[in-house]
Amino acid sequence: MPNKYSVDKRFFSMYLNKIPGIVHRIYGAYLWRYNTQSPDLYLTFDDGPHPEITPWVLDQLKEFNARATFFVVGKNVQQYPEIVHRAIDEGHSIGNHSYSHLNGWDTDSSVYLKDFLRAQRSLVEYTGYHTRLFRPPYGKVKRDAAKRIMRTHKMVMMDVISGDFDLNNTGKDCQRIVIQHAKPGSIILLHDSDKAWDRLEYALPRLLRDLTAKGFQFLPIGEARAKAQAARLASSQ
Ligand SMILES: [Zn+2]
């Protein structure tokens, strides 16, 4: 058992677009994807809400009748709560992505947990939303902090990394990566952030179009369902 409840550094520093099966087995208590035969995909957007990009993402999703999950940063929620309200109203799920986007490996666990709780409080205070989903920034969280968070929250990872945060990629690369790796039940990582914008703007409408044409539908990560799936995965280790 590795000493950290996180993806091994190799996987994120080089990042693979498709997370290997061995990682799923090692970190079985985390949610990586859904085991399903039905053509469901779970788009996730990290680091918002952003005042222009998130509303644009919501418009794109609406056009394809797609629902998704937004892992929001607490300090952004305080600045733009109305955007989170809109996402909730339109049927999307919201997850906690910490208050100040800390790197869990470089941060003392007590500081990390305070930051997690602060994000949780911001969401409740500014939007009334009680999430039970958490995604650690950079996929990095120490084992003791992860254990504490998992008492109340499902740790949501992903099995397809679009690479929209990578300046070496083009939007077309991101489109190709996702189309190539998405399969029924996949959880797909995207970002509603300035850094990802150039690639997201190109890739998102095309992904929605191409994957819809292939018969996929896009669903939000359901909290009850996330828990049930994770329990099943853990018991099958
Ligand atoms: Zn992030």
# chains A, B, ... in the order shown; residues from 1 in each chain; ligands from 1

$ residues_near_ligand --ligand "ligand 1" --cutoff "12 Å" --atoms "only C-alpha atoms and all ligand atoms" --output "PyMOL selection string"
chain A and resi 44-49+70-74+76+95-104+134-140+157+164-165+189-196

$ residues_around --residues "Leu211 (chain A)" --least-positions-apart "4" --cutoff "12 Å" --atoms "only C-alpha atoms" --output "ChimeraX atom specification"
/A:39-43,64,66,175-176,178-184,203-207,215-218

$ residues_around --residues "Gly222 (chain A)" --least-positions-apart "5" --cutoff "10 Å" --atoms "only C-alpha atoms" --output "number ranges by chain"
A: 42, 68-69, 92-94, 132-133, 227

$ write_last_selection --atoms "N, CA and C atoms" --output "CSV table (one decimal), in the first residue's frame"
chain,number,residue,atom,x,y,z
A,42,TYR,N,-19.3,11.4,-17.8
A,42,TYR,CA,-19.4,12.4,-16.7
A,42,TYR,C,-18.3,13.5,-16.9
A,68,ALA,N,-23.3,18.2,-16.0
A,68,ALA,CA,-21.9,17.9,-15.7
A,68,ALA,C,-21.7,18.2,-14.2
A,69,THR,N,-20.4,18.1,-13.8
A,69,THR,CA,-20.1,18.4,-12.4
A,69,THR,C,-19.0,19.5,-12.3
A,92,HIS,N,-26.7,20.7,-12.7
A,92,HIS,CA,-25.4,20.2,-12.6
A,92,HIS,C,-25.0,19.9,-11.1
A,93,SER,N,-24.0,19.1,-10.9
A,93,SER,CA,-23.5,18.8,-9.6
A,93,SER,C,-22.4,19.7,-9.3
A,94,ILE,N,-22.2,20.0,-8.0
A,94,ILE,CA,-21.1,20.9,-7.5
A,94,ILE,C,-20.3,20.1,-6.5
A,132,ARG,N,-21.2,16.6,-1.1
A,132,ARG,CA,-20.5,15.5,-0.5
A,132,ARG,C,-19.5,14.9,-1.5
A,133,LEU,N,-19.0,15.8,-2.4
A,133,LEU,CA,-18.0,15.4,-3.3
A,133,LEU,C,-16.8,16.3,-3.1
A,227,LYS,N,-21.3,7.1,-4.0
A,227,LYS,CA,-21.0,6.3,-2.8
A,227,LYS,C,-21.2,4.8,-3.0

$ closest_residue --among "A:Leu123, A:Ala145, A:Val57, A:Leu200" --to "Lys172 (chain A)" --atoms "only C-alpha atoms"
A:Leu200

$ select_by_dssp --residues "chain A" --states "alpha helix (DSSP H)" --output "JSON, numbers by chain"
{"A": [9, 10, 11, 12, 13, 21, 22, 23, 24, 25, 26, 53, 54, 55, 56, 57, 58, 59, 60, 61, 62, 63, 74, 75, 76, 77, 78, 79, 81, 82, 83, 84, 85, 86, 87, 88, 89, 109, 110, 111, 112, 113, 114, 115, 116, 117, 118, 119, 120, 121, 122, 123, 124, 125, 126, 127, 143, 144, 145, 146, 147, 148, 149, 171, 172, 173, 174, 175, 176, 177, 178, 179, 180, 181, 197, 198, 199, 200, 201, 202, 203, 204, 205, 206, 207, 208, 209, 210, 211, 212, 213, 223, 224, 225, 226, 227, 228, 229, 230, 231, 232, 233, 234, 235]}

$ residues_around --residues "Met158 (chain A)" --least-positions-apart "5" --cutoff "7 Å" --atoms "only C-alpha atoms" --output "CSV table (one decimal) with N, CA and C atoms, in the first residue's frame"
chain,number,residue,atom,x,y,z
A,32,TRP,N,-13.1,6.7,-9.6
A,32,TRP,CA,-12.4,7.0,-10.8
A,32,TRP,C,-13.3,7.0,-12.0
A,33,ARG,N,-14.3,6.1,-12.0
A,33,ARG,CA,-15.2,6.1,-13.1
A,33,ARG,C,-16.4,5.2,-12.6
A,187,ILE,N,-15.2,9.3,-16.3
A,187,ILE,CA,-15.2,10.7,-15.7
A,187,ILE,C,-14.1,11.5,-16.3
A,188,ILE,N,-14.4,12.6,-17.0
A,188,ILE,CA,-13.5,13.3,-17.8
A,188,ILE,C,-13.1,14.6,-17.2
A,189,LEU,N,-11.8,14.9,-17.1
A,189,LEU,CA,-11.3,16.1,-16.5
A,189,LEU,C,-11.1,17.2,-17.5

$ atom_distance --atom1 "CA of Glu90 (chain A)" --atom2 "CA of Val124 (chain A)"
18.0 Å

$ select_by_dssp --residues "region 56-152 of chain A" --states "strand (DSSP E or B)" --output "list in words"
Thr69, Phe70, Phe71, Val72, Ser93, Ile94, Gly95, Asn96, Leu133 and Phe134 of chain A

$ write_last_selection --atoms "N, CA and C atoms" --output "PDB file, in the first residue's frame"
ATOM      1  N   THR A  69     -20.405  18.124 -13.753  1.00  0.00           N
ATOM      2  CA  THR A  69     -20.052  18.379 -12.351  1.00  0.00           C
ATOM      3  C   THR A  69     -18.968  19.450 -12.307  1.00  0.00           C
ATOM      4  N   PHE A  70     -19.173  20.447 -11.458  1.00  0.00           N
ATOM      5  CA  PHE A  70     -18.207  21.545 -11.320  1.00  0.00           C
ATOM      6  C   PHE A  70     -17.519  21.438  -9.967  1.00  0.00           C
ATOM      7  N   PHE A  71     -16.201  21.231  -9.987  1.00  0.00           N
ATOM      8  CA  PHE A  71     -15.425  21.228  -8.742  1.00  0.00           C
ATOM      9  C   PHE A  71     -14.905  22.648  -8.521  1.00  0.00           C
ATOM     10  N   VAL A  72     -15.562  23.331  -7.610  1.00  0.00           N
ATOM     11  CA  VAL A  72     -15.340  24.774  -7.472  1.00  0.00           C
ATOM     12  C   VAL A  72     -14.353  25.101  -6.354  1.00  0.00           C
ATOM     13  N   SER A  93     -24.041  19.072 -10.928  1.00  0.00           N
ATOM     14  CA  SER A  93     -23.547  18.803  -9.571  1.00  0.00           C
ATOM     15  C   SER A  93     -22.397  19.744  -9.252  1.00  0.00           C
ATOM     16  N   ILE A  94     -22.236  19.999  -7.954  1.00  0.00           N
ATOM     17  CA  ILE A  94     -21.146  20.856  -7.490  1.00  0.00           C
ATOM     18  C   ILE A  94     -20.295  20.053  -6.512  1.00  0.00           C
ATOM     19  N   GLY A  95     -18.975  20.183  -6.648  1.00  0.00           N
ATOM     20  CA  GLY A  95     -18.073  19.524  -5.710  1.00  0.00           C
ATOM     21  C   GLY A  95     -17.109  20.524  -5.100  1.00  0.00           C
ATOM     22  N   ASN A  96     -16.576  20.170  -3.955  1.00  0.00           N
ATOM     23  CA  ASN A  96     -15.584  20.984  -3.231  1.00  0.00           C
ATOM     24  C   ASN A  96     -14.200  20.719  -3.851  1.00  0.00           C
ATOM     25  N   LEU A 133     -19.029  15.780  -2.375  1.00  0.00           N
ATOM     26  CA  LEU A 133     -17.987  15.399  -3.337  1.00  0.00           C
ATOM     27  C   LEU A 133     -16.763  16.272  -3.120  1.00  0.00           C
ATOM     28  N   PHE A 134     -15.598  15.678  -3.180  1.00  0.00           N
ATOM     29  CA  PHE A 134     -14.352  16.451  -3.080  1.00  0.00           C
ATOM     30  C   PHE A 134     -13.377  15.944  -4.129  1.00  0.00           C
TER      31      PHE A 134
END

$ closest_residue --among "A:Ile53, A:Ala213, A:Ala146, A:Ile19" --to "Glu201 (chain A)" --atoms "only C-alpha atoms"
A:Ile53
